[in-house]
file query.cif (mmCIF, C-alpha atoms)
data_upload
#
loop_
_atom_site.label_atom_id
_atom_site.label_comp_id
_atom_site.auth_asym_id
_atom_site.auth_seq_id
_atom_site.Cartn_x
_atom_site.Cartn_y
_atom_site.Cartn_z
CA MET A 721 152.56 56.52 72.44
CA LYS A 722 151.17 57.54 69.10
CA ILE A 723 153.28 56.25 66.21
CA TYR A 724 153.01 57.14 62.55
CA LEU A 725 154.15 54.40 60.19
CA LYS A 726 155.23 54.63 56.60
CA ILE A 727 155.36 50.98 55.69
CA TRP A 728 156.35 49.26 52.44
CA ARG A 729 153.53 47.38 50.69
CA GLN A 730 154.22 45.24 47.65
CA LYS A 731 151.98 42.48 46.28
CA ASN A 732 154.70 40.30 44.78
CA LYS A 733 158.04 40.17 42.97
CA ASP A 734 156.65 41.54 39.75
CA THR A 735 154.63 44.48 41.01
CA LYS A 736 155.97 47.83 42.16
CA GLY A 737 155.84 48.59 45.85
CA GLN A 738 155.17 51.83 47.69
CA LEU A 739 154.93 53.26 51.18
CA GLU A 740 151.58 53.18 52.92
CA ASP A 741 150.62 55.41 55.88
CA HIS A 742 149.24 53.95 59.12
CA THR A 743 148.76 55.41 62.56
CA LEU A 744 148.88 53.41 65.79
CA ASP A 745 147.55 54.72 69.10
CA ASN A 746 148.42 53.33 72.53
CA VAL A 747 151.74 51.79 71.53
CA SER A 748 153.50 50.71 74.73
CA ALA A 749 157.19 51.51 75.20
CA GLU A 750 157.70 47.95 76.49
CA MET A 751 156.53 46.41 73.20
CA SER A 752 159.10 44.95 70.88
CA PHE A 753 159.17 46.35 67.35
CA LEU A 754 157.60 43.16 66.00
CA GLU A 755 154.85 43.31 68.61
CA MET A 756 154.09 46.80 67.35
CA LEU A 757 153.77 45.29 63.84
CA ASP A 758 151.54 42.54 65.30
CA MET A 759 149.37 45.31 66.71
CA LEU A 760 149.15 46.92 63.29
CA ASN A 761 148.27 43.59 61.67
CA LEU A 762 145.53 42.93 64.21
CA LYS A 763 144.07 46.33 63.40
CA LEU A 764 144.29 45.63 59.65
CA ALA A 765 142.75 42.14 60.03
CA LYS A 766 139.84 43.51 62.09
CA SER A 767 139.08 46.06 59.42
CA GLY A 768 139.24 43.43 56.68
CA GLU A 769 142.48 44.64 55.13
CA ARG A 770 145.44 42.44 54.17
CA PRO A 771 147.98 42.28 57.03
CA VAL A 772 151.60 43.33 56.43
CA GLU A 773 153.78 40.29 55.78
CA PHE A 774 157.16 40.17 57.49
CA ASP A 775 159.65 37.44 58.38
CA HIS A 776 160.16 36.42 62.00
CA ASP A 777 160.79 33.26 63.95
CA CYS A 778 162.51 33.03 67.34
CA ARG A 779 162.04 36.67 68.40
CA GLU A 780 165.10 36.17 70.62
CA GLY A 781 167.70 37.67 68.29
CA ILE A 782 169.35 34.41 67.28
CA CYS A 783 167.57 33.00 64.22
CA GLY A 784 168.23 35.73 61.64
CA GLN A 785 164.72 35.62 60.18
CA CYS A 786 163.55 39.12 61.04
CA GLY A 787 165.27 42.04 59.40
CA VAL A 788 163.88 45.20 57.87
CA MET A 789 165.16 48.70 57.19
CA ILE A 790 163.92 50.93 59.98
CA ASN A 791 164.29 54.64 59.27
CA GLY A 792 166.89 53.82 56.62
CA ILE A 793 169.06 51.58 58.81
CA ALA A 794 169.16 47.77 58.80
CA HIS A 795 167.51 46.52 62.04
CA GLY A 796 166.96 50.08 63.21
CA PRO A 797 168.89 52.63 65.22
CA LEU A 798 170.44 50.45 67.96
CA LYS A 799 173.89 48.89 67.56
CA ASN A 800 174.23 45.09 67.37
CA THR A 801 170.51 44.50 67.68
CA THR A 802 168.14 42.47 65.54
CA THR A 803 164.74 43.90 64.60
CA CYS A 804 162.99 41.63 67.13
CA GLN A 805 165.23 42.85 69.94
CA LEU A 806 164.49 46.48 69.18
CA HIS A 807 161.84 47.89 71.52
CA MET A 808 159.48 50.78 71.14
CA ARG A 809 161.25 52.59 73.99
CA SER A 810 163.81 53.55 71.32
CA PHE A 811 161.13 55.79 69.78
CA LYS A 812 159.19 58.80 71.06
CA ASP A 813 155.51 59.66 71.07
CA GLY A 814 154.59 61.17 67.72
CA ASP A 815 157.55 59.64 65.82
CA THR A 816 157.23 58.69 62.16
CA ILE A 817 158.89 55.36 61.37
CA TYR A 818 159.81 54.31 57.85
CA ILE A 819 159.79 50.53 57.42
CA GLU A 820 161.14 49.05 54.19
CA PRO A 821 162.35 45.58 53.19
CA PHE A 822 166.05 44.84 52.64
CA LYS A 823 166.64 45.88 49.04
CA ALA A 824 169.17 44.23 46.75
CA LYS A 825 168.89 42.51 43.40
CA ALA A 826 169.84 39.23 45.07
CA PHE A 827 167.06 39.69 47.66
CA PRO A 828 163.86 40.11 45.62
CA VAL A 829 160.79 41.13 47.63
CA ILE A 830 158.29 38.27 47.98
CA ARG A 831 155.62 40.41 49.58
CA ASP A 832 155.66 43.59 51.69
CA LEU A 833 158.66 43.25 54.04
CA LYS A 834 159.44 39.61 53.19
CA VAL A 835 162.46 39.08 50.96
CA ASP A 836 163.84 35.98 49.26
CA ARG A 837 167.29 35.23 50.71
CA THR A 838 167.80 31.99 48.81
CA GLY A 839 171.09 33.46 47.54
CA PHE A 840 172.58 32.85 50.99
CA ASP A 841 171.45 29.21 50.91
CA ASP A 842 173.06 28.84 47.48
CA ILE A 843 176.38 30.09 48.86
CA ILE A 844 176.19 27.64 51.78
CA ALA A 845 175.26 24.79 49.43
CA ALA A 846 178.41 25.50 47.41
CA GLY A 847 180.66 24.45 50.31
CA GLY A 848 179.55 25.66 53.72
CA TYR A 849 179.85 22.28 55.37
CA VAL A 850 182.34 19.57 56.38
CA SER A 851 181.93 16.61 54.08
CA VAL A 852 182.95 13.76 56.35
CA ASN A 853 180.79 11.30 58.17
CA THR A 854 181.29 12.43 61.76
CA GLY A 855 179.56 9.45 63.36
CA GLN A 856 179.02 9.73 67.08
CA ALA A 857 180.34 12.65 69.12
CA PRO A 858 184.08 11.99 69.61
CA GLU A 859 185.93 12.24 72.88
CA ALA A 860 186.25 15.99 73.55
CA ASN A 861 190.03 16.09 73.94
CA SER A 862 190.98 13.79 71.06
CA ILE A 863 191.37 16.71 68.64
CA PRO A 864 193.15 19.54 70.39
CA VAL A 865 191.80 23.03 69.57
CA THR A 866 193.33 26.03 71.31
CA HIS A 867 191.06 28.35 73.22
CA ASN A 868 191.79 31.32 70.92
CA GLU A 869 191.03 29.32 67.79
CA ALA A 870 187.79 27.98 69.28
CA GLU A 871 186.75 31.52 70.22
CA ALA A 872 187.65 32.88 66.77
CA ALA A 873 185.66 30.09 65.08
CA PHE A 874 182.70 30.81 67.35
CA ASP A 875 182.89 34.56 66.65
CA SER A 876 182.53 33.81 62.94
CA ALA A 877 179.86 31.17 63.53
CA ALA A 878 177.78 33.80 65.35
CA CYS A 879 176.60 35.08 61.94
CA ILE A 880 172.83 34.55 61.86
CA GLY A 881 172.54 35.11 58.10
CA CYS A 882 169.97 37.89 58.38
CA GLY A 883 171.22 39.80 55.32
CA ALA A 884 171.74 43.18 57.02
CA CYS A 885 175.28 43.26 55.57
CA VAL A 886 173.94 43.03 52.01
CA ALA A 887 171.20 45.58 52.70
CA THR A 888 173.70 48.02 54.20
CA CYS A 889 176.51 47.62 51.66
CA LYS A 890 176.48 50.23 48.91
CA ASN A 891 177.58 47.45 46.53
CA ALA A 892 175.08 44.90 47.93
CA SER A 893 178.01 42.58 48.56
CA ALA A 894 177.61 39.32 50.46
CA ALA A 895 181.29 39.22 51.41
CA LEU A 896 180.73 39.46 55.18
CA PHE A 897 178.23 36.60 55.25
CA THR A 898 180.28 34.37 52.94
CA SER A 899 183.53 35.06 54.76
CA ALA A 900 182.01 34.34 58.19
CA LYS A 901 180.66 31.03 56.91
CA ILE A 902 184.09 30.16 55.50
CA SER A 903 186.08 31.31 58.54
CA GLN A 904 184.06 29.33 61.07
CA PHE A 905 185.46 26.16 59.47
CA THR A 906 188.95 27.40 58.60
CA HIS A 907 189.79 27.93 62.28
CA LEU A 908 189.09 24.32 63.21
CA PRO A 909 190.98 21.14 62.32
CA GLN A 910 187.82 19.44 61.02
CA GLY A 911 187.22 22.29 58.58
CA LYS A 912 190.81 23.05 57.61
CA LYS A 913 191.17 20.00 55.35
CA GLU A 914 188.73 21.29 52.72
CA SER A 915 189.47 24.96 53.28
CA ALA A 916 190.89 25.74 49.83
CA LYS A 917 188.13 24.04 47.86
CA ARG A 918 185.41 25.40 50.12
CA THR A 919 186.69 28.98 49.82
CA VAL A 920 187.00 28.88 46.03
CA ASP A 921 183.60 27.22 45.58
CA MET A 922 181.74 29.56 47.93
CA VAL A 923 183.41 32.72 46.59
CA ASN A 924 182.76 31.66 43.00
CA ARG A 925 179.11 30.96 43.81
CA MET A 926 178.80 34.37 45.49
CA GLU A 927 180.30 35.99 42.37
CA GLU A 928 177.82 34.16 40.10
CA LEU A 929 174.80 35.39 42.05
CA ASP A 930 173.48 38.96 41.91
CA PHE A 931 175.66 40.27 44.76
CA GLY A 932 178.11 43.12 44.26
CA HIS A 933 181.83 43.21 45.05
CA CYS A 934 183.30 44.16 48.44
CA THR A 935 185.17 47.49 48.46
CA ASN A 936 186.00 47.48 52.18
CA THR A 937 183.78 50.37 53.28
CA GLU A 938 183.28 48.34 56.51
CA ALA A 939 179.65 49.46 56.81
CA CYS A 940 178.54 45.81 57.08
CA GLN A 941 180.22 45.22 60.43
CA ILE A 942 178.82 48.46 61.88
CA GLU A 943 175.22 47.43 61.13
CA CYS A 944 175.67 43.69 61.73
CA PRO A 945 173.53 42.61 64.71
CA GLN A 946 176.25 40.10 65.64
CA ASP A 947 179.20 42.47 65.08
CA ILE A 948 180.86 39.99 62.70
CA SER A 949 184.34 41.34 62.00
CA VAL A 950 185.30 42.59 58.53
CA LEU A 951 188.62 40.80 59.08
CA ASN A 952 186.72 37.64 58.11
CA ILE A 953 186.57 39.15 54.61
CA ALA A 954 190.34 39.71 54.63
CA LYS A 955 190.82 36.10 55.79
CA MET A 956 188.54 34.89 52.99
CA ASN A 957 190.61 36.90 50.48
CA PHE A 958 193.78 35.37 51.92
CA GLU A 959 192.42 31.81 51.68
CA TYR A 960 191.10 32.47 48.16
CA ASN A 961 194.37 33.96 46.89
CA LYS A 962 196.35 31.14 48.53
CA ALA A 963 194.13 28.49 46.93
CA LYS A 964 194.40 30.15 43.51
CA LEU A 965 198.20 30.47 43.72
CA LYS A 966 198.62 26.82 44.78
CA LYS A 967 196.55 25.59 41.84
CA MET B 377 192.53 46.35 41.78
CA ALA B 378 194.67 45.94 44.90
CA LEU B 379 197.87 45.00 43.08
CA THR B 380 197.67 47.80 40.51
CA GLY B 381 196.73 50.21 43.31
CA LEU B 382 199.72 49.23 45.41
CA PHE B 383 202.05 49.59 42.44
CA LEU B 384 200.62 53.05 41.79
CA CYS B 385 201.22 53.92 45.48
CA PHE B 386 204.85 52.86 45.06
CA PHE B 387 205.11 55.00 41.93
CA LEU B 388 203.70 58.01 43.81
CA ILE B 389 206.61 57.87 46.28
CA ILE B 390 209.28 57.73 43.54
CA HIS B 391 207.54 60.41 41.47
CA LEU B 392 207.33 62.73 44.50
CA LEU B 393 210.96 62.20 45.50
CA GLY B 394 212.10 63.03 41.96
CA ASN B 395 209.91 66.10 41.69
CA LEU B 396 210.95 67.48 45.06
CA GLN B 397 214.11 68.56 43.18
CA LEU B 398 211.94 71.39 41.84
CA LEU B 399 212.14 72.97 45.30
CA LEU B 400 215.95 73.46 45.08
CA PRO B 401 217.39 76.95 44.37
CA LYS B 402 216.51 77.95 40.79
CA GLU B 403 219.84 77.49 38.92
CA GLU B 404 220.65 74.25 40.67
CA ALA B 405 217.10 72.91 40.27
CA GLN B 406 216.90 73.63 36.55
CA LEU B 407 220.04 71.73 35.57
CA GLN B 408 219.54 68.91 38.04
CA TYR B 409 215.85 68.39 37.22
CA ASN B 410 216.49 68.39 33.47
CA LEU B 411 219.37 65.95 33.90
CA TYR B 412 217.14 63.72 36.05
CA SER B 413 214.37 63.80 33.41
CA HIS B 414 216.90 62.98 30.69
CA PHE B 415 218.22 60.06 32.73
CA LEU B 416 214.69 58.68 33.24
CA SER B 417 213.76 58.91 29.58
CA GLY B 418 216.95 57.14 28.47
CA ASN B 419 217.08 54.28 30.97
CA ILE B 420 215.80 50.91 29.68
CA LEU B 421 214.81 49.72 33.17
CA ILE B 422 212.77 52.88 33.73
CA LYS B 423 211.21 52.35 30.31
CA ILE B 424 209.98 48.89 31.34
CA VAL B 425 208.66 50.26 34.64
CA SER B 426 206.87 53.05 32.76
CA TYR B 427 205.04 50.49 30.61
CA VAL B 428 204.00 48.65 33.80
CA LEU B 429 202.78 52.03 35.07
CA TYR B 430 200.65 52.75 31.98
CA ALA B 431 199.22 49.23 32.19
CA SER B 432 198.47 49.65 35.90
CA ILE B 433 196.60 52.92 35.34
CA LEU B 434 194.51 51.33 32.59
CA LEU B 435 193.81 48.08 34.46
CA HIS B 436 192.96 49.99 37.65
CA THR B 437 190.51 52.13 35.68
CA ILE B 438 188.90 49.22 33.83
CA ASP B 439 188.52 47.25 37.06
CA ALA B 440 186.95 50.29 38.75
CA ILE B 441 184.40 50.66 35.96
CA TYR B 442 183.61 46.92 36.13
CA LEU B 443 183.12 46.98 39.93
CA SER B 444 180.95 50.12 39.83
CA THR B 445 178.74 48.69 37.12
CA LYS B 446 178.39 45.44 39.05
CA ALA B 447 177.55 47.33 42.26
CA LYS B 448 174.94 49.42 40.50
CA LYS B 449 173.28 46.31 39.07
CA ALA B 450 173.40 44.49 42.43
CA SER B 451 171.98 47.34 44.50
CA GLY B 452 168.49 47.05 43.08
CA GLU B 453 165.80 49.54 44.02
CA THR B 454 166.78 52.55 46.17
CA TYR B 455 165.46 53.08 49.69
CA VAL B 456 162.90 55.84 50.26
CA LYS B 457 164.57 56.62 53.59
CA ASP B 458 168.29 55.90 53.44
CA LYS B 459 170.52 56.52 56.47
CA ARG B 460 173.12 53.89 55.62
CA ASN B 461 175.78 56.57 55.34
CA ARG B 462 176.23 56.62 59.11
CA ALA B 463 178.11 53.31 58.90
CA SER B 464 180.99 54.31 56.62
CA LYS B 465 183.30 57.18 55.66
CA TRP B 466 182.18 59.31 52.70
CA TYR B 467 185.46 58.82 50.84
CA SER B 468 185.20 55.02 51.09
CA ARG B 469 181.86 55.25 49.26
CA GLN B 470 183.08 57.80 46.71
CA MET B 471 186.18 56.01 45.42
CA MET B 472 184.84 56.05 41.87
CA LEU B 473 184.20 59.81 41.92
CA LEU B 474 187.60 60.52 43.50
CA GLY B 475 189.24 58.17 41.02
CA THR B 476 187.50 59.88 38.10
CA ILE B 477 188.86 63.27 39.25
CA VAL B 478 192.36 61.78 39.50
CA PHE B 479 192.02 60.18 36.05
CA ALA B 480 190.83 63.44 34.47
CA PHE B 481 193.78 65.15 36.11
CA LEU B 482 196.14 62.52 34.73
CA VAL B 483 194.94 63.23 31.20
CA ILE B 484 195.76 66.92 31.67
CA HIS B 485 199.04 66.09 33.41
CA PHE B 486 200.16 63.77 30.58
CA LYS B 487 199.07 66.28 27.93
CA ASP B 488 200.93 69.19 29.54
CA PHE B 489 204.21 67.55 30.55
CA TRP B 490 204.60 63.96 29.35
CA TYR B 491 203.49 64.52 25.75
CA PRO B 492 205.53 67.70 25.04
CA TYR B 493 208.62 66.10 26.64
CA LYS B 494 208.31 62.85 24.69
CA PHE B 495 206.96 64.03 21.35
CA GLY B 496 206.99 67.85 21.32
CA SER B 497 209.87 70.19 20.65
CA ILE B 498 210.98 71.99 23.79
CA GLU B 499 214.10 74.11 24.29
CA THR B 500 217.26 72.75 25.86
CA ASP B 501 219.27 74.05 28.82
CA ILE B 502 223.03 74.85 28.77
CA ASN B 503 223.85 71.17 29.22
CA GLY B 504 221.81 70.27 26.16
CA ASN B 505 219.03 68.51 28.15
CA LYS B 506 215.39 69.25 27.36
CA ASP B 507 214.29 72.10 29.64
CA LEU B 508 211.32 70.45 31.37
CA TYR B 509 212.01 72.57 34.45
CA SER B 510 211.05 75.83 32.68
CA LEU B 511 207.93 74.20 31.23
CA VAL B 512 206.81 73.20 34.74
CA VAL B 513 207.65 76.57 36.30
CA VAL B 514 205.82 78.53 33.58
CA SER B 515 202.73 76.31 33.94
CA PHE B 516 202.53 76.90 37.67
CA GLN B 517 202.50 80.69 37.30
CA GLU B 518 198.75 80.49 36.57
CA LEU B 519 196.55 80.49 39.67
CA TRP B 520 193.75 78.44 38.06
CA TYR B 521 196.30 75.77 37.15
CA VAL B 522 197.56 75.61 40.74
CA ILE B 523 193.96 75.33 42.03
CA LEU B 524 193.27 72.55 39.50
CA TYR B 525 196.28 70.69 40.88
CA ALA B 526 195.19 71.28 44.47
CA VAL B 527 191.71 69.83 43.81
CA ALA B 528 193.13 66.79 42.04
CA ILE B 529 195.71 66.14 44.74
CA LEU B 530 193.13 66.43 47.52
CA ALA B 531 190.99 63.91 45.62
CA LEU B 532 194.05 61.66 45.37
CA GLY B 533 194.68 62.09 49.11
CA PHE B 534 191.18 60.89 50.06
CA HIS B 535 191.43 58.11 47.43
CA LEU B 536 194.61 56.90 49.15
CA LEU B 537 193.11 57.24 52.63
CA HIS B 538 190.71 54.44 51.75
CA GLY B 539 192.63 52.74 48.95
CA PHE B 540 195.87 51.97 50.79
CA PHE B 541 194.43 49.87 53.64
CA SER B 542 191.71 48.48 51.38
CA ALA B 543 194.33 47.07 49.01
CA PHE B 544 196.00 45.19 51.86
CA ARG B 545 192.64 43.75 52.92
CA SER B 546 191.95 42.60 49.37
CA VAL B 547 195.23 40.73 49.11
CA GLY B 548 194.39 39.07 52.43
CA LEU B 549 196.00 40.81 55.39
CA TYR B 550 193.68 39.69 58.17
CA HIS B 551 195.77 39.75 61.36
CA PRO B 552 194.08 42.25 63.76
CA TYR B 553 197.38 43.74 64.97
CA TYR B 554 198.99 44.22 61.54
CA THR B 555 195.79 45.52 59.96
CA LYS B 556 195.78 48.30 62.58
CA ILE B 557 199.41 49.13 61.77
CA VAL B 558 198.68 49.16 58.02
CA LYS B 559 195.68 51.44 58.58
CA THR B 560 197.88 53.91 60.49
CA ILE B 561 200.62 53.73 57.85
CA GLY B 562 197.92 54.32 55.21
CA ILE B 563 196.77 57.52 56.93
CA GLY B 564 200.39 58.72 57.20
CA PHE B 565 201.04 57.84 53.57
CA ALA B 566 197.93 59.67 52.33
CA VAL B 567 198.77 62.80 54.36
CA LEU B 568 202.42 62.74 53.27
CA MET B 569 201.59 62.32 49.59
CA THR B 570 198.92 65.04 49.71
CA PHE B 571 201.20 67.60 51.33
CA GLY B 572 204.23 66.55 49.32
CA TYR B 573 202.42 66.98 46.00
CA LEU B 574 200.66 70.18 47.14
CA ILE B 575 203.89 71.92 48.15
CA ILE B 576 205.35 71.85 44.62
CA PRO B 577 202.76 73.92 42.70
CA PHE B 578 202.21 76.33 45.60
CA TYR B 579 205.95 76.83 46.16
CA ILE B 580 206.56 77.55 42.48
CA PHE B 581 203.52 79.85 42.25
CA LEU B 582 204.48 81.88 45.32
CA LYS B 583 208.29 81.91 45.08
CA LEU B 584 209.37 81.68 41.47
#

call {"tool": "encode", "arguments": {"input": "query.cif", "output": "structure tokens"}}
result
Amino acid sequence: MKIYLKIWRQKNKDTKGQLEDHTLDNVSAEMSFLEMLDMLNLKLAKSGERPVEFDHDCREGICGQCGVMINGIAHGPLKNTTTCQLHMRSFKDGDTIYIEPFKAKAFPVIRDLKVDRTGFDDIIAAGGYVSVNTGQAPEANSIPVTHNEAEAAFDSAACIGCGACVATCKNASAALFTSAKISQFTHLPQGKKESAKRTVDMVNRMEELDFGHCTNTEACQIECPQDISVLNIAKMNFEYNKAKLKK
Amino acid sequence: MALTGLFLCFFLIIHLLGNLQLLLPKEEAQLQYNLYSHFLSGNILIKIVSYVLYASILLHTIDAIYLSTKAKKASGETYVKDKRNRASKWYSRQMMLLGTIVFAFLVIHFKDFWYPYKFGSIETDINGNKDLYSLVVVSFQELWYVILYAVAILALGFHLLHGFFSAFRSVGLYHPYYTKIVKTIGIGFAVLMTFGYLIIPFYIFLKL
């Protein structure tokens, strides 16, 4: 296939970025999207140009590192798919592909397609943990957890923190990410104890950072590679309101 | 935002029920509607509720401006190619625009009916009540005025279509089964309010 790329190039946080045109011949339909970018970078390196920088790690769809806007959609046209799991068979010969970084004030561009998602780490640091010394793994049945609760906790824990929700949201809200990270603990007895404090701390931290406010457009779930439910946001609101009323 | 919105939804029901009296046969409607308006303006409980209403409108508006400003700041640079719209309904993204139309309408609505009734001098009917009925009927004889109402009420309808279920989410309704029910009720509520409020100006324009 012949593919025309319009790819975002930006030196650093302080400079202005712009789209740059590149053409790739002999792109195989079996290639993953990132392998296509590798191919571009090889071409650039051979001709002495600076390769395009982009985040990636596992390339198996589970780490949340990769994530770019492909033709104006976070992670590209397929549903529930990370950028690394998108393959070139989703495109046709002669297609033009726009590739831009996730854009939000809270996600400043470091270089090209690489963005700084430290904001997410800050939210986790505010309370996304269980603060007890767990010691060795306990006997599996000593703390009963129902199947439905375990499944619900796991559904929330499936969030890979890629940032597609923020990039998709018209308000650049981090509500889906924050709520998933709160809910994964709230469903389980180990996490329930600190639920009120955790929710208030994490929500307050999210509010302090440069993220916008959730207005329930539900776009985040549609473009989330893990299909994290927007009901996590409603649960977060419930826990937050409950904690505030109890105070 | 959610609490003021839900209160305003509740007000919409009461306001519609009261104003449906305008659809009664002319002689009956005039006396009954004027009596109803007189009762509302004299009742202390209604007076308190009306102050809550004014406060709700203002707080809802201020909160909307705050959230929009925050969203604009947070969004950062725009995308060259932006297809994000595929993931959400247009009216859920345009709540501020729809709300602005409704607010502009409210200013006109207050100026034309609320202000003259409260502070202006309008004629009385045979029972000695202020004749708000005639003021309303005369206003709705103008086609442009009816169209203005129709546009505003359609904007309100779409505003409710998103706003109703969104308010429940914001207060924390997260159960999958009940959220589905609330979403369905929200659609019914938005449709009912839109048609209910549309009938009045069109009925008066065409029949009276």

call {"tool": "closest_residue", "arguments": {"input": "query.cif", "among": "B:Gly452, B:Asn461, B:Phe578, B:Pro492", "to": "B:Glu518", "atoms": "all atoms listed in the file"}}
result
B:Phe578

call {"tool": "residues_around", "arguments": {"input": "query.cif", "residues": "stretch 530-536 of chain B", "least_positions_apart": "2", "cutoff": "12 Å", "atoms": "only C-alpha atoms", "output": "ChimeraX atom specification"}}
result
/B:378,381-382,384-386,388,465-482,523-528,538-543,559,561-574

call {"tool": "resolve_selection", "arguments": {"input": "query.cif", "expression": "the PyMOL selection byres ((chain A and resi 756) around 12)", "output": "ChimeraX atom specification"}}
result
/A:721-725,742-755,757-763,772,803-804,806-809,811,817

call {"tool": "resolve_selection", "arguments": {"input": "query.cif", "expression": "the PyMOL selection byres ((chain A) within 8 of (chain B))", "output": "PyMOL selection string"}}
result
chain A and resi 791-794+818+820+823-826+888+890-893+930-933+935-940+942-943+951-959+961

call {"tool": "atom_distance", "arguments": {"input": "query.cif", "atom1": "atom CA of B:Ser515", "atom2": "atom CA of B:Ile576"}}
result
11.9 Å

call {"tool": "resolve_selection", "arguments": {"input": "query.cif", "expression": "the PyMOL selection byres ((chain A and resi 916-918) around 12)", "output": "number ranges by chain"}}
result
A: 843-851, 898-899, 901-906, 911-915, 919-925, 955-967

call {"tool": "write_last_selection", "arguments": {"input": "query.cif", "atoms": "C-alpha atoms", "output": "compact mmCIF listing (two decimals), in the frame of the given file"}}
result
# COMPACT_ATOMS: atom_id res chain seq x y z
CA ILE A 843 176.38 30.09 48.86
CA ILE A 844 176.19 27.64 51.78
CA ALA A 845 175.26 24.79 49.43
CA ALA A 846 178.41 25.50 47.41
CA GLY A 847 180.66 24.45 50.31
CA GLY A 848 179.55 25.66 53.72
CA TYR A 849 179.85 22.28 55.37
CA VAL A 850 182.34 19.57 56.38
CA SER A 851 181.93 16.61 54.08
CA THR A 898 180.28 34.37 52.94
CA SER A 899 183.53 35.06 54.76
CA LYS A 901 180.66 31.03 56.91
CA ILE A 902 184.09 30.16 55.50
CA SER A 903 186.08 31.31 58.54
CA GLN A 904 184.06 29.33 61.07
CA PHE A 905 185.46 26.16 59.47
CA THR A 906 188.95 27.40 58.60
CA GLY A 911 187.22 22.29 58.58
CA LYS A 912 190.81 23.05 57.61
CA LYS A 913 191.17 20.00 55.35
CA GLU A 914 188.73 21.29 52.72
CA SER A 915 189.47 24.96 53.28
CA THR A 919 186.69 28.98 49.82
CA VAL A 920 187.00 28.88 46.03
CA ASP A 921 183.60 27.22 45.58
CA MET A 922 181.74 29.56 47.93
CA VAL A 923 183.41 32.72 46.59
CA ASN A 924 182.76 31.66 43.00
CA ARG A 925 179.11 30.96 43.81
CA LYS A 955 190.82 36.10 55.79
CA MET A 956 188.54 34.89 52.99
CA ASN A 957 190.61 36.90 50.48
CA PHE A 958 193.78 35.37 51.92
CA GLU A 959 192.42 31.81 51.68
CA TYR A 960 191.10 32.47 48.16
CA ASN A 961 194.37 33.96 46.89
CA LYS A 962 196.35 31.14 48.53
CA ALA A 963 194.13 28.49 46.93
CA LYS A 964 194.40 30.15 43.51
CA LEU A 965 198.20 30.47 43.72
CA LYS A 966 198.62 26.82 44.78
CA LYS A 967 196.55 25.59 41.84

call {"tool": "atom_distance", "arguments": {"input": "query.cif", "atom1": "atom CA of B:Val558", "atom2": "atom CA of B:Ile441"}}
result
26.3 Å

call {"tool": "atom_distance", "arguments": {"input": "query.cif", "atom1": "atom CA of A:Asp813", "atom2": "atom CA of A:Gly796"}}
result
16.9 Å

call {"tool": "axis_aligned_box", "arguments": {"input": "query.cif", "around": "stretch 445-463 of chain B", "padding_each_side": "3 Å", "output": "AutoDock Vina command-line options"}}
result
--center_x 170.8 --center_y 50.6 --center_z 48.1 --size_x 21.8 --size_y 18.1 --size_z 28.0
